[in-house]
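Here's the structure we're looking at; comments come further down.
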Amino acid sequence: MLLPAWCQQHGSKRLSMRKADRLFQIVQILRRSSRPVTADTIAEELETSKRSVYRDIAALIGQRVPIRGEAGIGYVLDTGFDLPPLMFTADEIDAVALGVQWVAGHADPALVRAARDVLAKLAAVLPEDMRGSLEDPSARTPPAWESAADRVDAGALRNAIRAARKIAIRYTDPSGRETDRTLWPLVIGYMDSVRVLIGWCELREDFRTFRLDRINAVIFLADRIPTDPRALRRKWRSTLRPPPRP
């Protein structure tokens, strides 16, 4: 299903354009949440009144946008609802361009190609007057300096993560000592100058982080991770702490 035509009528008056933008943003707010979103929350983000939110929700429902819920409880957007790819704000285009720049300067070759493909697909569907913002965005990020070269294929590691299969690695620690580990790979982290693999280490029976430039060899095993990797990733994230303030 596409967003109703009133949200694509760029030639309308300024007041109706503001309303169309607001309706579009409400849909976006509901899309990014898996739980009911209250009118208070929507009103706070859009800097408008709850009364306006109630009117806008009613207008969206009247245009067959599949929103469920009620005042005081919250609203959800049914799955399967889609938006035209050209409906981007200037800030959203800057966000995409900034993300692609960062990936191009910090990620492995497969993700760099994927990021550039995303940019090309977006450019193909954007109106001509918006392509300039994509090609020359107002937000920039510097490339990585002195980035360490990976010794293993990050793309193959991502495939193992998606398949929830174990791997065996030979790793050199900072002191130069080599060890063999069997891991349940969970996440690849992309830092400024290095990439790291986060996984559950069978040897240490805990989460461990391994730099890809220090993994000397990897074997992709047929054995599946004996637990839900999503639950394991949630458990790992719960161990993270923000860095101390200077």
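By order in the structure tokens, chains are A, B, ...; within a chain, residues start at 1; ligands start at 1, following the order shown.
The environment of A:Ile61 within 12 Å, counting only C-alpha atoms and disregarding residues fewer than 6 places along the same chain, consists of Leu3, Pro4, Leu23, Ile26, Val27, Tyr54, Arg55, Ile67, Arg68, Gly69, Glu70, Tyr75, Val76, Leu77 and Asp78 of chain A.
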Long-range neighbours of stretch 152-165 of chain A as number ranges by chain, 10 Å cut-off, only C-alpha atoms, 6 positions minimum in chain: A: 107-111, 183-188, 195-197, 199, 212-218, 220-230
Extract the full set of alpha helix (DSSP H) residues from stretch 63-208 of chain A according to DSSP on the backbone, and format it as a PyMOL selection string. chain A and resi 90-106+109-125+128-135+154-163
Requested write-out: N, CA and C atoms of the selected residues, as a compact mmCIF listing (two decimals), in the first residue's frame:
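File again18.txt, as written:
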```txt
# COMPACT_ATOMS: atom_id res chain seq x y z
N ALA A 90 15.03 16.50 3.52
CA ALA A 90 16.45 16.87 3.31
C ALA A 90 17.33 16.26 4.40
N ASP A 91 16.84 16.27 5.65
CA ASP A 91 17.62 15.69 6.74
C ASP A 91 17.79 14.18 6.57
N GLU A 92 16.75 13.50 6.07
CA GLU A 92 16.85 12.06 5.85
C GLU A 92 17.86 11.74 4.75
N ILE A 93 17.89 12.56 3.70
CA ILE A 93 18.88 12.36 2.64
C ILE A 93 20.29 12.57 3.19
N ASP A 94 20.48 13.61 4.01
CA ASP A 94 21.78 13.83 4.63
C ASP A 94 22.18 12.65 5.51
N ALA A 95 21.20 12.08 6.24
CA ALA A 95 21.50 10.94 7.11
C ALA A 95 21.96 9.74 6.30
N VAL A 96 21.28 9.47 5.18
CA VAL A 96 21.68 8.34 4.32
C VAL A 96 23.07 8.60 3.74
N ALA A 97 23.30 9.80 3.23
CA ALA A 97 24.59 10.12 2.62
C ALA A 97 25.71 10.03 3.65
N LEU A 98 25.44 10.50 4.87
CA LEU A 98 26.45 10.44 5.93
C LEU A 98 26.77 8.99 6.28
N GLY A 99 25.72 8.16 6.37
CA GLY A 99 25.95 6.75 6.66
C GLY A 99 26.76 6.06 5.58
N VAL A 100 26.46 6.36 4.32
CA VAL A 100 27.20 5.76 3.21
C VAL A 100 28.65 6.21 3.23
N GLN A 101 28.88 7.50 3.51
CA GLN A 101 30.25 8.00 3.61
C GLN A 101 31.03 7.24 4.68
N TRP A 102 30.39 7.06 5.84
CA TRP A 102 31.09 6.39 6.94
C TRP A 102 31.41 4.95 6.58
N VAL A 103 30.44 4.25 6.00
CA VAL A 103 30.66 2.86 5.61
C VAL A 103 31.76 2.78 4.56
N ALA A 104 31.74 3.69 3.60
CA ALA A 104 32.75 3.68 2.54
C ALA A 104 34.15 3.88 3.10
N GLY A 105 34.26 4.60 4.22
CA GLY A 105 35.58 4.88 4.79
C GLY A 105 36.01 3.92 5.88
N HIS A 106 35.09 3.08 6.39
CA HIS A 106 35.43 2.25 7.55
C HIS A 106 35.10 0.77 7.40
N PRO A 109 35.19 -4.39 2.10
CA PRO A 109 34.83 -4.13 0.70
C PRO A 109 33.40 -4.50 0.33
N ALA A 110 32.88 -5.61 0.86
CA ALA A 110 31.51 -6.02 0.50
C ALA A 110 30.49 -4.99 0.98
N LEU A 111 30.66 -4.48 2.20
CA LEU A 111 29.73 -3.47 2.70
C LEU A 111 29.91 -2.13 2.00
N VAL A 112 31.15 -1.82 1.60
CA VAL A 112 31.38 -0.59 0.83
C VAL A 112 30.60 -0.63 -0.47
N ARG A 113 30.66 -1.78 -1.17
CA ARG A 113 29.90 -1.92 -2.42
C ARG A 113 28.40 -1.82 -2.15
N ALA A 114 27.95 -2.46 -1.07
CA ALA A 114 26.53 -2.43 -0.74
C ALA A 114 26.06 -1.00 -0.45
N ALA A 115 26.88 -0.24 0.27
CA ALA A 115 26.53 1.13 0.60
C ALA A 115 26.42 1.98 -0.67
N ARG A 116 27.34 1.78 -1.59
CA ARG A 116 27.29 2.54 -2.84
C ARG A 116 26.09 2.14 -3.69
N ASP A 117 25.71 0.87 -3.62
CA ASP A 117 24.51 0.42 -4.33
C ASP A 117 23.27 1.09 -3.75
N VAL A 118 23.22 1.20 -2.43
CA VAL A 118 22.10 1.89 -1.78
C VAL A 118 22.00 3.32 -2.28
N LEU A 119 23.15 3.99 -2.36
CA LEU A 119 23.17 5.38 -2.82
C LEU A 119 22.67 5.48 -4.25
N ALA A 120 23.10 4.54 -5.10
CA ALA A 120 22.68 4.57 -6.50
C ALA A 120 21.17 4.31 -6.63
N LYS A 121 20.64 3.37 -5.84
CA LYS A 121 19.21 3.09 -5.88
C LYS A 121 18.40 4.29 -5.41
N LEU A 122 18.89 4.96 -4.38
CA LEU A 122 18.19 6.13 -3.88
C LEU A 122 18.21 7.25 -4.90
N ALA A 123 19.36 7.47 -5.54
CA ALA A 123 19.47 8.52 -6.55
C ALA A 123 18.53 8.26 -7.72
N ALA A 124 18.29 6.98 -8.03
CA ALA A 124 17.45 6.63 -9.17
C ALA A 124 15.98 6.97 -8.94
N VAL A 125 15.54 7.04 -7.68
CA VAL A 125 14.13 7.27 -7.40
C VAL A 125 13.84 8.67 -6.85
N GLU A 128 14.56 14.99 -9.33
CA GLU A 128 15.81 15.59 -9.80
C GLU A 128 16.27 16.73 -8.91
N ASP A 129 15.32 17.53 -8.37
CA ASP A 129 15.72 18.68 -7.56
C ASP A 129 16.27 18.28 -6.20
N MET A 130 16.17 16.98 -5.83
CA MET A 130 16.70 16.52 -4.54
C MET A 130 18.00 15.74 -4.70
N ARG A 131 18.37 15.40 -5.92
CA ARG A 131 19.58 14.59 -6.11
C ARG A 131 20.84 15.35 -5.74
N GLY A 132 20.82 16.67 -5.88
CA GLY A 132 21.98 17.47 -5.52
C GLY A 132 22.33 17.31 -4.05
N SER A 133 21.30 17.20 -3.19
CA SER A 133 21.55 17.02 -1.76
C SER A 133 22.19 15.68 -1.47
N LEU A 134 21.92 14.70 -2.31
CA LEU A 134 22.50 13.37 -2.13
C LEU A 134 23.95 13.35 -2.62
N GLU A 135 24.21 14.01 -3.75
CA GLU A 135 25.55 14.01 -4.32
C GLU A 135 26.49 14.96 -3.58
N ALA A 154 35.35 -10.46 6.19
CA ALA A 154 34.25 -10.01 7.06
C ALA A 154 32.90 -10.42 6.49
N GLY A 155 32.78 -10.47 5.17
CA GLY A 155 31.53 -10.90 4.56
C GLY A 155 31.18 -12.33 4.91
N ALA A 156 32.19 -13.21 4.91
CA ALA A 156 31.96 -14.61 5.29
C ALA A 156 31.59 -14.72 6.77
N LEU A 157 32.19 -13.87 7.60
CA LEU A 157 31.83 -13.86 9.03
C LEU A 157 30.38 -13.42 9.20
N ARG A 158 29.95 -12.43 8.44
CA ARG A 158 28.55 -11.99 8.55
C ARG A 158 27.59 -13.12 8.14
N ASN A 159 27.99 -13.89 7.12
CA ASN A 159 27.15 -15.02 6.72
C ASN A 159 27.04 -16.05 7.84
N ALA A 160 28.13 -16.30 8.56
CA ALA A 160 28.10 -17.23 9.68
C ALA A 160 27.20 -16.70 10.79
N ILE A 161 27.24 -15.38 11.01
CA ILE A 161 26.38 -14.77 12.03
C ILE A 161 24.92 -14.95 11.65
N ARG A 162 24.60 -14.67 10.38
CA ARG A 162 23.21 -14.81 9.93
C ARG A 162 22.73 -16.26 10.01
N ALA A 163 23.62 -17.19 9.73
CA ALA A 163 23.26 -18.61 9.75
C ALA A 163 23.30 -19.19 11.16
```
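Using only C-alpha atoms for every distance, the candidate list A:Leu46, A:Ile167, A:Ala59, A:Val194 yields A:Val194 as the residue closest to A:Trp145.
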One-decimal distance in Å that lies between atom CA of A:Thr182 and atom CA of A:Ser147: 26.5 Å
How many Å separate atom CA of A:Leu203 from atom CA of A:Arg181? 6.4 Å
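With atom CA of A:Asp173 on one side and atom CA of A:Ala149 on the other, the separation reads 16.0 Å.
Counting only C-alpha atoms, the residue from A:Asp21, A:Glu45, A:Arg170, A:Ala231 that sits nearest to A:Ile219 is A:Arg170.
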Strand (DSSP E) positions in stretch 128-239 of chain A, given as a ChimeraX atom specification: /A:165-172,178-190,195-201,206-211,215-224
